[in-house]
file model-v3.pdb (PDB, C-alpha atoms)
ATOM      1  CA  MET A  18       0.000   0.000   0.000  1.00  0.00           C
ATOM      2  CA  GLN A  19       1.184   3.538  -0.718  1.00  0.00           C
ATOM      3  CA  ILE A  20       0.143   7.098   0.053  1.00  0.00           C
ATOM      4  CA  VAL A  21       1.391   9.738  -2.387  1.00  0.00           C
ATOM      5  CA  SER A  22       0.604  13.322  -3.299  1.00  0.00           C
ATOM      6  CA  PRO A  23       0.640  14.930  -6.739  1.00  0.00           C
ATOM      7  CA  ALA A  24       1.542  18.198  -4.925  1.00  0.00           C
ATOM      8  CA  PHE A  25       4.927  17.081  -3.528  1.00  0.00           C
ATOM      9  CA  ALA A  26       7.305  14.116  -3.664  1.00  0.00           C
ATOM     10  CA  ALA A  27       8.212  12.023  -0.634  1.00  0.00           C
ATOM     11  CA  ASN A  28      10.629  13.860   1.667  1.00  0.00           C
ATOM     12  CA  ASP A  29      10.284  17.087  -0.350  1.00  0.00           C
ATOM     13  CA  SER A  30       8.854  20.433   0.676  1.00  0.00           C
ATOM     14  CA  ILE A  31       5.122  20.796   1.035  1.00  0.00           C
ATOM     15  CA  PRO A  32       4.063  23.748  -1.156  1.00  0.00           C
ATOM     16  CA  ALA A  33       3.196  26.851   0.875  1.00  0.00           C
ATOM     17  CA  GLU A  34      -0.402  26.830  -0.402  1.00  0.00           C
ATOM     18  CA  TYR A  35      -1.072  23.833   1.908  1.00  0.00           C
ATOM     19  CA  THR A  36       0.318  25.606   4.990  1.00  0.00           C
ATOM     20  CA  CYS A  37      -0.541  28.527   7.266  1.00  0.00           C
ATOM     21  CA  ASP A  38       1.424  30.727   4.854  1.00  0.00           C
ATOM     22  CA  GLY A  39      -0.958  29.930   1.993  1.00  0.00           C
ATOM     23  CA  GLY A  40      -4.532  28.783   1.657  1.00  0.00           C
ATOM     24  CA  GLY A  41      -4.211  26.375   4.557  1.00  0.00           C
ATOM     25  CA  HIS A  42      -6.102  23.587   2.825  1.00  0.00           C
ATOM     26  CA  ASN A  43      -4.975  19.973   2.699  1.00  0.00           C
ATOM     27  CA  PRO A  44      -2.866  18.754  -0.208  1.00  0.00           C
ATOM     28  CA  PRO A  45      -4.338  16.209  -2.595  1.00  0.00           C
ATOM     29  CA  LEU A  46      -3.507  12.624  -1.643  1.00  0.00           C
ATOM     30  CA  GLU A  47      -3.722   9.303  -3.459  1.00  0.00           C
ATOM     31  CA  PHE A  48      -4.048   5.840  -1.902  1.00  0.00           C
ATOM     32  CA  LEU A  49      -2.484   3.044  -3.977  1.00  0.00           C
ATOM     33  CA  ASP A  50      -2.577  -0.744  -3.645  1.00  0.00           C
ATOM     34  CA  VAL A  51      -5.071  -0.810  -0.769  1.00  0.00           C
ATOM     35  CA  PRO A  52      -5.589  -4.462   0.273  1.00  0.00           C
ATOM     36  CA  THR A  53      -8.777  -5.924  -1.179  1.00  0.00           C
ATOM     37  CA  ASP A  54      -9.762  -7.314   2.217  1.00  0.00           C
ATOM     38  CA  ALA A  55      -9.611  -3.907   3.957  1.00  0.00           C
ATOM     39  CA  LYS A  56     -12.840  -2.872   5.682  1.00  0.00           C
ATOM     40  CA  SER A  57     -11.775   0.711   6.442  1.00  0.00           C
ATOM     41  CA  LEU A  58      -8.871   3.146   6.262  1.00  0.00           C
ATOM     42  CA  VAL A  59      -7.349   5.527   8.803  1.00  0.00           C
ATOM     43  CA  LEU A  60      -5.520   8.719   7.820  1.00  0.00           C
ATOM     44  CA  ILE A  61      -3.317  10.560  10.301  1.00  0.00           C
ATOM     45  CA  MET A  62      -1.056  13.569   9.769  1.00  0.00           C
ATOM     46  CA  GLU A  63       1.400  14.417  12.535  1.00  0.00           C
ATOM     47  CA  ASP A  64       4.421  16.617  13.207  1.00  0.00           C
ATOM     48  CA  PRO A  65       6.985  15.040  15.586  1.00  0.00           C
ATOM     49  CA  ASP A  66       9.319  18.083  15.507  1.00  0.00           C
ATOM     50  CA  VAL A  67       7.487  20.488  17.809  1.00  0.00           C
ATOM     51  CA  PRO A  68       9.824  22.249  20.266  1.00  0.00           C
ATOM     52  CA  HIS A  69       9.537  20.589  23.674  1.00  0.00           C
ATOM     53  CA  HIS A  70       9.067  23.941  25.402  1.00  0.00           C
ATOM     54  CA  LEU A  71       5.805  24.249  23.416  1.00  0.00           C
ATOM     55  CA  ARG A  72       4.644  20.625  23.755  1.00  0.00           C
ATOM     56  CA  ALA A  73       6.341  18.236  26.175  1.00  0.00           C
ATOM     57  CA  ASP A  74       5.810  15.255  23.862  1.00  0.00           C
ATOM     58  CA  GLY A  75       7.137  17.128  20.806  1.00  0.00           C
ATOM     59  CA  MET A  76       4.117  16.006  18.750  1.00  0.00           C
ATOM     60  CA  PHE A  77       1.339  17.911  17.015  1.00  0.00           C
ATOM     61  CA  ASP A  78      -1.530  15.963  15.459  1.00  0.00           C
ATOM     62  CA  HIS A  79      -2.737  17.821  12.357  1.00  0.00           C
ATOM     63  CA  TRP A  80      -5.390  15.482  10.940  1.00  0.00           C
ATOM     64  CA  VAL A  81      -7.194  12.367  12.170  1.00  0.00           C
ATOM     65  CA  VAL A  82      -9.816  10.542  10.058  1.00  0.00           C
ATOM     66  CA  TRP A  83     -11.042   6.948  10.417  1.00  0.00           C
ATOM     67  CA  ASN A  84     -13.680   4.657   8.903  1.00  0.00           C
ATOM     68  CA  ILE A  85     -12.708   5.936   5.477  1.00  0.00           C
ATOM     69  CA  PRO A  86     -14.321   3.572   2.936  1.00  0.00           C
ATOM     70  CA  PRO A  87     -11.639   1.155   1.669  1.00  0.00           C
ATOM     71  CA  GLU A  88     -12.482   1.921  -1.967  1.00  0.00           C
ATOM     72  CA  THR A  89     -11.357   5.547  -1.441  1.00  0.00           C
ATOM     73  CA  ARG A  90      -8.376   6.184  -3.706  1.00  0.00           C
ATOM     74  CA  GLU A  91      -7.913   9.926  -3.369  1.00  0.00           C
ATOM     75  CA  VAL A  92      -8.503  12.904  -1.155  1.00  0.00           C
ATOM     76  CA  ALA A  93      -9.065  16.064  -3.170  1.00  0.00           C
ATOM     77  CA  GLN A  94      -7.251  19.265  -2.336  1.00  0.00           C
ATOM     78  CA  GLY A  95      -9.115  21.112   0.393  1.00  0.00           C
ATOM     79  CA  LYS A  96     -11.502  18.223   1.122  1.00  0.00           C
ATOM     80  CA  ASN A  97     -11.768  15.848   4.048  1.00  0.00           C
ATOM     81  CA  PRO A  98     -12.015  12.209   3.052  1.00  0.00           C
ATOM     82  CA  PRO A  99     -15.313  10.488   3.802  1.00  0.00           C
ATOM     83  CA  GLY A 100     -15.272   8.997   7.290  1.00  0.00           C
ATOM     84  CA  GLU A 101     -15.223  10.112  10.911  1.00  0.00           C
ATOM     85  CA  SER A 102     -13.139  13.151  11.857  1.00  0.00           C
ATOM     86  CA  GLY A 103     -11.054  13.099  14.985  1.00  0.00           C
ATOM     87  CA  ALA A 104      -9.628  15.842  17.159  1.00  0.00           C
ATOM     88  CA  ASN A 105      -6.283  17.352  16.287  1.00  0.00           C
ATOM     89  CA  THR A 106      -3.958  18.774  18.925  1.00  0.00           C
ATOM     90  CA  ARG A 107      -5.899  22.053  18.908  1.00  0.00           C
ATOM     91  CA  GLY A 108      -9.066  20.114  19.756  1.00  0.00           C
ATOM     92  CA  ALA A 109     -10.669  20.905  16.399  1.00  0.00           C
ATOM     93  CA  THR A 110     -11.603  18.419  13.692  1.00  0.00           C
ATOM     94  CA  GLY A 111     -10.335  18.554  10.135  1.00  0.00           C
ATOM     95  CA  TYR A 112      -6.991  19.487   8.652  1.00  0.00           C
ATOM     96  CA  THR A 113      -4.707  21.915  10.461  1.00  0.00           C
ATOM     97  CA  PRO A 114      -1.985  23.193   8.109  1.00  0.00           C
ATOM     98  CA  PRO A 115       1.749  23.076   8.831  1.00  0.00           C
ATOM     99  CA  CYS A 116       2.973  26.216  10.585  1.00  0.00           C
ATOM    100  CA  PRO A 117       6.341  25.430  12.197  1.00  0.00           C
ATOM    101  CA  PRO A 118       7.389  28.098  14.712  1.00  0.00           C
ATOM    102  CA  ASP A 119      11.141  27.574  14.616  1.00  0.00           C
ATOM    103  CA  ARG A 120      12.688  25.604  11.726  1.00  0.00           C
ATOM    104  CA  GLU A 121      11.907  22.965   9.125  1.00  0.00           C
ATOM    105  CA  HIS A 122       9.539  20.299  10.426  1.00  0.00           C
ATOM    106  CA  ARG A 123       8.616  16.894   9.047  1.00  0.00           C
ATOM    107  CA  TYR A 124       4.956  16.071   8.457  1.00  0.00           C
ATOM    108  CA  PHE A 125       4.015  12.395   8.409  1.00  0.00           C
ATOM    109  CA  PHE A 126       0.884  11.410   6.477  1.00  0.00           C
ATOM    110  CA  LYS A 127       0.086   7.884   7.670  1.00  0.00           C
ATOM    111  CA  LEU A 128      -2.425   5.554   6.065  1.00  0.00           C
ATOM    112  CA  PHE A 129      -3.618   2.352   7.731  1.00  0.00           C
ATOM    113  CA  ALA A 130      -5.784  -0.349   6.155  1.00  0.00           C
ATOM    114  CA  LEU A 131      -7.899  -2.136   8.747  1.00  0.00           C
ATOM    115  CA  SER A 132      -9.748  -5.439   8.766  1.00  0.00           C
ATOM    116  CA  ALA A 133     -12.651  -3.764  10.615  1.00  0.00           C
ATOM    117  CA  ARG A 134     -14.450  -0.486  11.061  1.00  0.00           C
ATOM    118  CA  LEU A 135     -13.833   1.350  14.336  1.00  0.00           C
ATOM    119  CA  ASP A 136     -16.590   2.058  16.828  1.00  0.00           C
ATOM    120  CA  LEU A 137     -15.470   5.445  18.116  1.00  0.00           C
ATOM    121  CA  PRO A 138     -17.326   8.705  18.655  1.00  0.00           C
ATOM    122  CA  SER A 139     -16.634  11.636  16.346  1.00  0.00           C
ATOM    123  CA  GLY A 140     -13.873  13.775  17.766  1.00  0.00           C
ATOM    124  CA  ALA A 141     -11.794  10.864  19.118  1.00  0.00           C
ATOM    125  CA  THR A 142      -8.084  11.611  19.442  1.00  0.00           C
ATOM    126  CA  LYS A 143      -5.240  10.082  17.461  1.00  0.00           C
ATOM    127  CA  SER A 144      -4.265   8.003  20.505  1.00  0.00           C
ATOM    128  CA  GLU A 145      -7.796   6.660  20.864  1.00  0.00           C
ATOM    129  CA  VAL A 146      -7.938   5.788  17.165  1.00  0.00           C
ATOM    130  CA  LEU A 147      -4.562   4.023  17.222  1.00  0.00           C
ATOM    131  CA  VAL A 148      -5.462   2.000  20.331  1.00  0.00           C
ATOM    132  CA  ALA A 149      -8.777   0.940  18.757  1.00  0.00           C
ATOM    133  CA  ALA A 150      -7.052   0.096  15.442  1.00  0.00           C
ATOM    134  CA  GLN A 151      -4.013  -1.778  16.750  1.00  0.00           C
ATOM    135  CA  ASN A 152      -5.433  -5.309  16.393  1.00  0.00           C
ATOM    136  CA  PHE A 153      -6.948  -4.635  12.962  1.00  0.00           C
ATOM    137  CA  ILE A 154      -4.043  -3.131  10.967  1.00  0.00           C
ATOM    138  CA  ILE A 155      -3.367  -5.205   7.841  1.00  0.00           C
ATOM    139  CA  ALA A 156      -1.238  -2.674   5.926  1.00  0.00           C
ATOM    140  CA  GLU A 157       0.245   0.746   6.449  1.00  0.00           C
ATOM    141  CA  ALA A 158       1.952   3.411   4.373  1.00  0.00           C
ATOM    142  CA  GLU A 159       3.618   6.738   5.032  1.00  0.00           C
ATOM    143  CA  LEU A 160       4.356   9.933   3.120  1.00  0.00           C
ATOM    144  CA  ILE A 161       6.697  12.502   4.648  1.00  0.00           C
ATOM    145  CA  GLY A 162       6.628  16.135   3.603  1.00  0.00           C
ATOM    146  CA  ARG A 163       8.752  18.949   4.987  1.00  0.00           C
ATOM    147  CA  TYR A 164       8.024  22.612   5.569  1.00  0.00           C
ATOM    148  CA  ASN A 165       9.973  25.613   6.828  1.00  0.00           C
ATOM    149  CA  ARG A 166       8.407  29.055   6.945  1.00  0.00           C
ATOM    150  CA  SER A 167      10.222  31.640   4.835  1.00  0.00           C
TER     151      SER A 167
END
call {"tool": "encode", "arguments": {"input": "model-v3.pdb", "output": "structure tokens"}}
result
Amino acid sequence: MQIVSPAFAANDSIPAEYTCDGGGHNPPLEFLDVPTDAKSLVLIMEDPDVPHHLRADGMFDHWVVWNIPPETREVAQGKNPPGESGANTRGATGYTPPCPPDREHRYFFKLFALSARLDLPSGATKSEVLVAAQNFIIAEAELIGRYNRS
């Protein structure tokens, strides 16, 4: 399974239009080679490079979506995928754009194929989603983008 974006290559810079310095909408994503036996997908975007004086764990969760239909093959620019939206670190649902306060950060877009749908309330956190998903993950993929404010 793969997750790719037509907007940027793996380990390259995320264009400013998908950040707090631009339109702030999510980049387009494509899901490739999803297992045929998947019952749902989970999409998570996280930044593990947050200064520890701002967040003790150094992590900012930008996007959490689960119960995405397994036949979903793309997420359009500026659109949430179908499914349940979870809470990001700010406590809001939906995509929060990259906006690093200090230097270049890495942004991990993670895709999980699950053998089940998750029974979680809307607004669940990334941790809650990952705990609920842990016994159902049949494939996973990752796309890393980078961003540094000019």
call {"tool": "residues_around", "arguments": {"input": "model-v3.pdb", "residues": "Ser132 of chain A", "least_positions_apart": "6", "cutoff": "12 Å", "atoms": "all atoms listed in the file", "output": "list in words"}}
result
Val51, Pro52, Thr53, Asp54, Ala55, Lys56, Ser57, Leu58, Val59, Asn84, Pro86, Pro87, Ala149, Ala150, Gln151, Asn152, Phe153, Ile154, Ile155, Ala156 and Glu157 of chain A
call {"tool": "atom_distance", "arguments": {"input": "model-v3.pdb", "atom1": "atom CA of Leu60 of chain A", "atom2": "atom CA of Ile85 of chain A"}}
result
8.1 Å
call {"tool": "residues_around", "arguments": {"input": "model-v3.pdb", "residues": "Asp78 of chain A", "least_positions_apart": "2", "cutoff": "7 Å", "atoms": "only C-alpha atoms", "output": "list in words"}}
result
Met62, Glu63, Asp64, Met76, Trp80, Asn105 and Thr106 of chain A
call {"tool": "resolve_selection", "arguments": {"input": "model-v3.pdb", "expression": "the PyMOL selection byres ((chain A and resi 21) around 6)", "output": "ChimeraX atom specification"}}
result
/A:20,22,46-47
call {"tool": "write_last_selection", "arguments": {"input": "model-v3.pdb", "atoms": "C-alpha atoms", "output": "compact mmCIF listing (two decimals), in the frame of the given file"}}
result
# COMPACT_ATOMS: atom_id res chain seq x y z
CA ILE A 20 0.14 7.10 0.05
CA SER A 22 0.60 13.32 -3.30
CA LEU A 46 -3.51 12.62 -1.64
CA GLU A 47 -3.72 9.30 -3.46
call {"tool": "closest_residue", "arguments": {"input": "model-v3.pdb", "among": "A:Leu71, A:Val82, A:Leu160, A:Leu135", "to": "Asp119 of chain A", "atoms": "only C-alpha atoms"}}
result
A:Leu71
call {"tool": "closest_residue", "arguments": {"input": "model-v3.pdb", "among": "A:Ser167, A:Thr36, A:Gln19, A:Ser102", "to": "Gly140 of chain A", "atoms": "all atoms listed in the file"}}
result
A:Ser102
call {"tool": "closest_residue", "arguments": {"input": "model-v3.pdb", "among": "A:Ala73, A:Ala133, A:Val67, A:Leu49", "to": "Val92 of chain A", "atoms": "only C-alpha atoms"}}
result
A:Leu49
call {"tool": "atom_distance", "arguments": {"input": "model-v3.pdb", "atom1": "atom CA of Ala130 of chain A", "atom2": "atom CA of Lys143 of chain A"}}
result
15.4 Å
call {"tool": "atom_distance", "arguments": {"input": "model-v3.pdb", "atom1": "atom CA of Glu91 of chain A", "atom2": "atom CA of Pro45 of chain A"}}
result
7.3 Å
call {"tool": "closest_residue", "arguments": {"input": "model-v3.pdb", "among": "A:Arg123, A:Arg134, A:Lys96, A:His42", "to": "Gly75 of chain A", "atoms": "only C-alpha atoms"}}
result
A:Arg123
call {"tool": "resolve_selection", "arguments": {"input": "model-v3.pdb", "expression": "the PyMOL selection byres ((chain A and resi 33) around 10)", "output": "MDAnalysis selection string"}}
result
chainID A and resid 30:32 34:41 114:116 164:167
call {"tool": "closest_residue", "arguments": {"input": "model-v3.pdb", "among": "A:Ala104, A:Leu137, A:Ala24, A:Met18", "to": "Ile61 of chain A", "atoms": "all atoms listed in the file"}}
result
A:Ala104
call {"tool": "axis_aligned_box", "arguments": {"input": "model-v3.pdb", "around": "segment 27-43 of chain A", "padding_each_side": "3 Å", "output": "AutoDock Vina command-line options"}}
result
--center_x 2.3 --center_y 21.4 --center_z 3.1 --size_x 22.7 --size_y 24.7 --size_z 14.4
call {"tool": "resolve_selection", "arguments": {"input": "model-v3.pdb", "expression": "the PyMOL selection byres ((chain A and resi 159) around 6)", "output": "list in words"}}
result
Phe126, Lys127, Ala158 and Leu160 of chain A
call {"tool": "closest_residue", "arguments": {"input": "model-v3.pdb", "among": "A:His122, A:Val146, A:Asp74, A:Asn43", "to": "Asn97 of chain A", "atoms": "all atoms listed in the file"}}
result
A:Asn43
call {"tool": "residues_around", "arguments": {"input": "model-v3.pdb", "residues": "Ala141 of chain A", "least_positions_apart": "2", "cutoff": "6 Å", "atoms": "only C-alpha atoms", "output": "ChimeraX atom specification"}}
result
/A:103-104,138-139
call {"tool": "write_last_selection", "arguments": {"input": "model-v3.pdb", "atoms": "C-alpha atoms", "output": "PDB file, keeping the file's coordinate frame"}}
result
ATOM      1  CA  GLY A 103     -11.054  13.099  14.985  1.00  0.00           C
ATOM      2  CA  ALA A 104      -9.628  15.842  17.159  1.00  0.00           C
ATOM      3  CA  PRO A 138     -17.326   8.705  18.655  1.00  0.00           C
ATOM      4  CA  SER A 139     -16.634  11.636  16.346  1.00  0.00           C
TER       5      SER A 139
END
call {"tool": "build_atoms", "arguments": {"input": "model-v3.pdb", "residues": "segment 36-64 of chain A", "atoms": "N, CA and C atoms", "output": "mmCIF file, keeping the file's coordinate frame"}}
result
data_model
loop_
_atom_site.group_PDB
_atom_site.id
_atom_site.type_symbol
_atom_site.label_atom_id
_atom_site.label_comp_id
_atom_site.auth_asym_id
_atom_site.auth_seq_id
_atom_site.Cartn_x
_atom_site.Cartn_y
_atom_site.Cartn_z
ATOM 1 N N THR A 36 -0.170 25.277 3.652
ATOM 2 C CA THR A 36 0.318 25.606 4.990
ATOM 3 C C THR A 36 -0.374 26.867 5.507
ATOM 4 N N CYS A 37 0.011 27.296 6.693
ATOM 5 C CA CYS A 37 -0.541 28.527 7.266
ATOM 6 C C CYS A 37 -0.077 29.760 6.498
ATOM 7 N N ASP A 38 0.930 29.610 5.660
ATOM 8 C CA ASP A 38 1.424 30.727 4.854
ATOM 9 C C ASP A 38 0.699 30.850 3.524
ATOM 10 N N GLY A 39 -0.191 29.908 3.238
ATOM 11 C CA GLY A 39 -0.958 29.930 1.993
ATOM 12 C C GLY A 39 -2.430 29.780 2.298
ATOM 13 N N GLY A 40 -3.097 28.982 1.491
ATOM 14 C CA GLY A 40 -4.532 28.783 1.657
ATOM 15 C C GLY A 40 -4.901 27.954 2.866
ATOM 16 N N GLY A 41 -3.961 27.172 3.356
ATOM 17 C CA GLY A 41 -4.211 26.375 4.557
ATOM 18 C C GLY A 41 -5.089 25.163 4.345
ATOM 19 N N HIS A 42 -5.293 24.774 3.077
ATOM 20 C CA HIS A 42 -6.102 23.587 2.825
ATOM 21 C C HIS A 42 -5.205 22.375 2.620
ATOM 22 N N ASN A 43 -5.774 21.194 2.805
ATOM 23 C CA ASN A 43 -4.975 19.973 2.699
ATOM 24 C C ASN A 43 -4.511 19.736 1.270
ATOM 25 N N PRO A 44 -3.332 19.121 1.134
ATOM 26 C CA PRO A 44 -2.866 18.754 -0.208
ATOM 27 C C PRO A 44 -3.666 17.568 -0.732
ATOM 28 N N PRO A 45 -3.706 17.401 -2.050
ATOM 29 C CA PRO A 45 -4.338 16.209 -2.595
ATOM 30 C C PRO A 45 -3.498 14.984 -2.246
ATOM 31 N N LEU A 46 -4.179 13.880 -1.978
ATOM 32 C CA LEU A 46 -3.507 12.624 -1.643
ATOM 33 C C LEU A 46 -4.087 11.504 -2.490
ATOM 34 N N GLU A 47 -3.271 10.491 -2.740
ATOM 35 C CA GLU A 47 -3.722 9.303 -3.459
ATOM 36 C C GLU A 47 -3.343 8.069 -2.658
ATOM 37 N N PHE A 48 -4.259 7.106 -2.606
ATOM 38 C CA PHE A 48 -4.048 5.840 -1.902
ATOM 39 C C PHE A 48 -3.906 4.746 -2.962
ATOM 40 N N LEU A 49 -2.780 4.064 -2.965
ATOM 41 C CA LEU A 49 -2.484 3.044 -3.977
ATOM 42 C C LEU A 49 -2.344 1.669 -3.326
ATOM 43 N N ASP A 50 -2.757 0.647 -4.064
ATOM 44 C CA ASP A 50 -2.577 -0.744 -3.645
ATOM 45 C C ASP A 50 -3.180 -1.051 -2.273
ATOM 46 N N VAL A 51 -4.361 -0.515 -2.019
ATOM 47 C CA VAL A 51 -5.071 -0.810 -0.769
ATOM 48 C C VAL A 51 -5.478 -2.287 -0.805
ATOM 49 N N PRO A 52 -5.224 -3.043 0.264
ATOM 50 C CA PRO A 52 -5.589 -4.462 0.273
ATOM 51 C C PRO A 52 -7.081 -4.660 -0.012
ATOM 52 N N THR A 53 -7.384 -5.667 -0.802
ATOM 53 C CA THR A 53 -8.777 -5.924 -1.179
ATOM 54 C C THR A 53 -9.625 -6.359 0.008
ATOM 55 N N ASP A 54 -8.994 -6.875 1.053
ATOM 56 C CA ASP A 54 -9.762 -7.314 2.217
ATOM 57 C C ASP A 54 -9.912 -6.225 3.290
ATOM 58 N N ALA A 55 -9.467 -5.008 2.998
ATOM 59 C CA ALA A 55 -9.611 -3.907 3.957
ATOM 60 C C ALA A 55 -11.085 -3.559 4.126
ATOM 61 N N LYS A 56 -11.473 -3.284 5.365
ATOM 62 C CA LYS A 56 -12.840 -2.872 5.682
ATOM 63 C C LYS A 56 -12.947 -1.369 5.933
ATOM 64 N N SER A 57 -11.804 -0.737 6.229
ATOM 65 C CA SER A 57 -11.775 0.711 6.442
ATOM 66 C C SER A 57 -10.329 1.188 6.395
ATOM 67 N N LEU A 58 -10.185 2.512 6.265
ATOM 68 C CA LEU A 58 -8.871 3.146 6.262
ATOM 69 C C LEU A 58 -8.823 4.210 7.354
ATOM 70 N N VAL A 59 -7.607 4.459 7.840
ATOM 71 C CA VAL A 59 -7.349 5.527 8.803
ATOM 72 C C VAL A 59 -6.285 6.428 8.203
ATOM 73 N N LEU A 60 -6.494 7.736 8.282
ATOM 74 C CA LEU A 60 -5.520 8.719 7.820
ATOM 75 C C LEU A 60 -5.135 9.604 8.992
ATOM 76 N N ILE A 61 -3.837 9.716 9.225
ATOM 77 C CA ILE A 61 -3.317 10.560 10.301
ATOM 78 C C ILE A 61 -2.199 11.418 9.725
ATOM 79 N N MET A 62 -2.180 12.690 10.099
ATOM 80 C CA MET A 62 -1.056 13.569 9.769
ATOM 81 C C MET A 62 -0.521 14.110 11.086
ATOM 82 N N GLU A 63 0.799 13.967 11.280
ATOM 83 C CA GLU A 63 1.400 14.417 12.535
ATOM 84 C C GLU A 63 2.756 15.052 12.298
ATOM 85 N N ASP A 64 3.134 15.921 13.216
ATOM 86 C CA ASP A 64 4.421 16.617 13.207
ATOM 87 C C ASP A 64 5.153 16.240 14.495
#
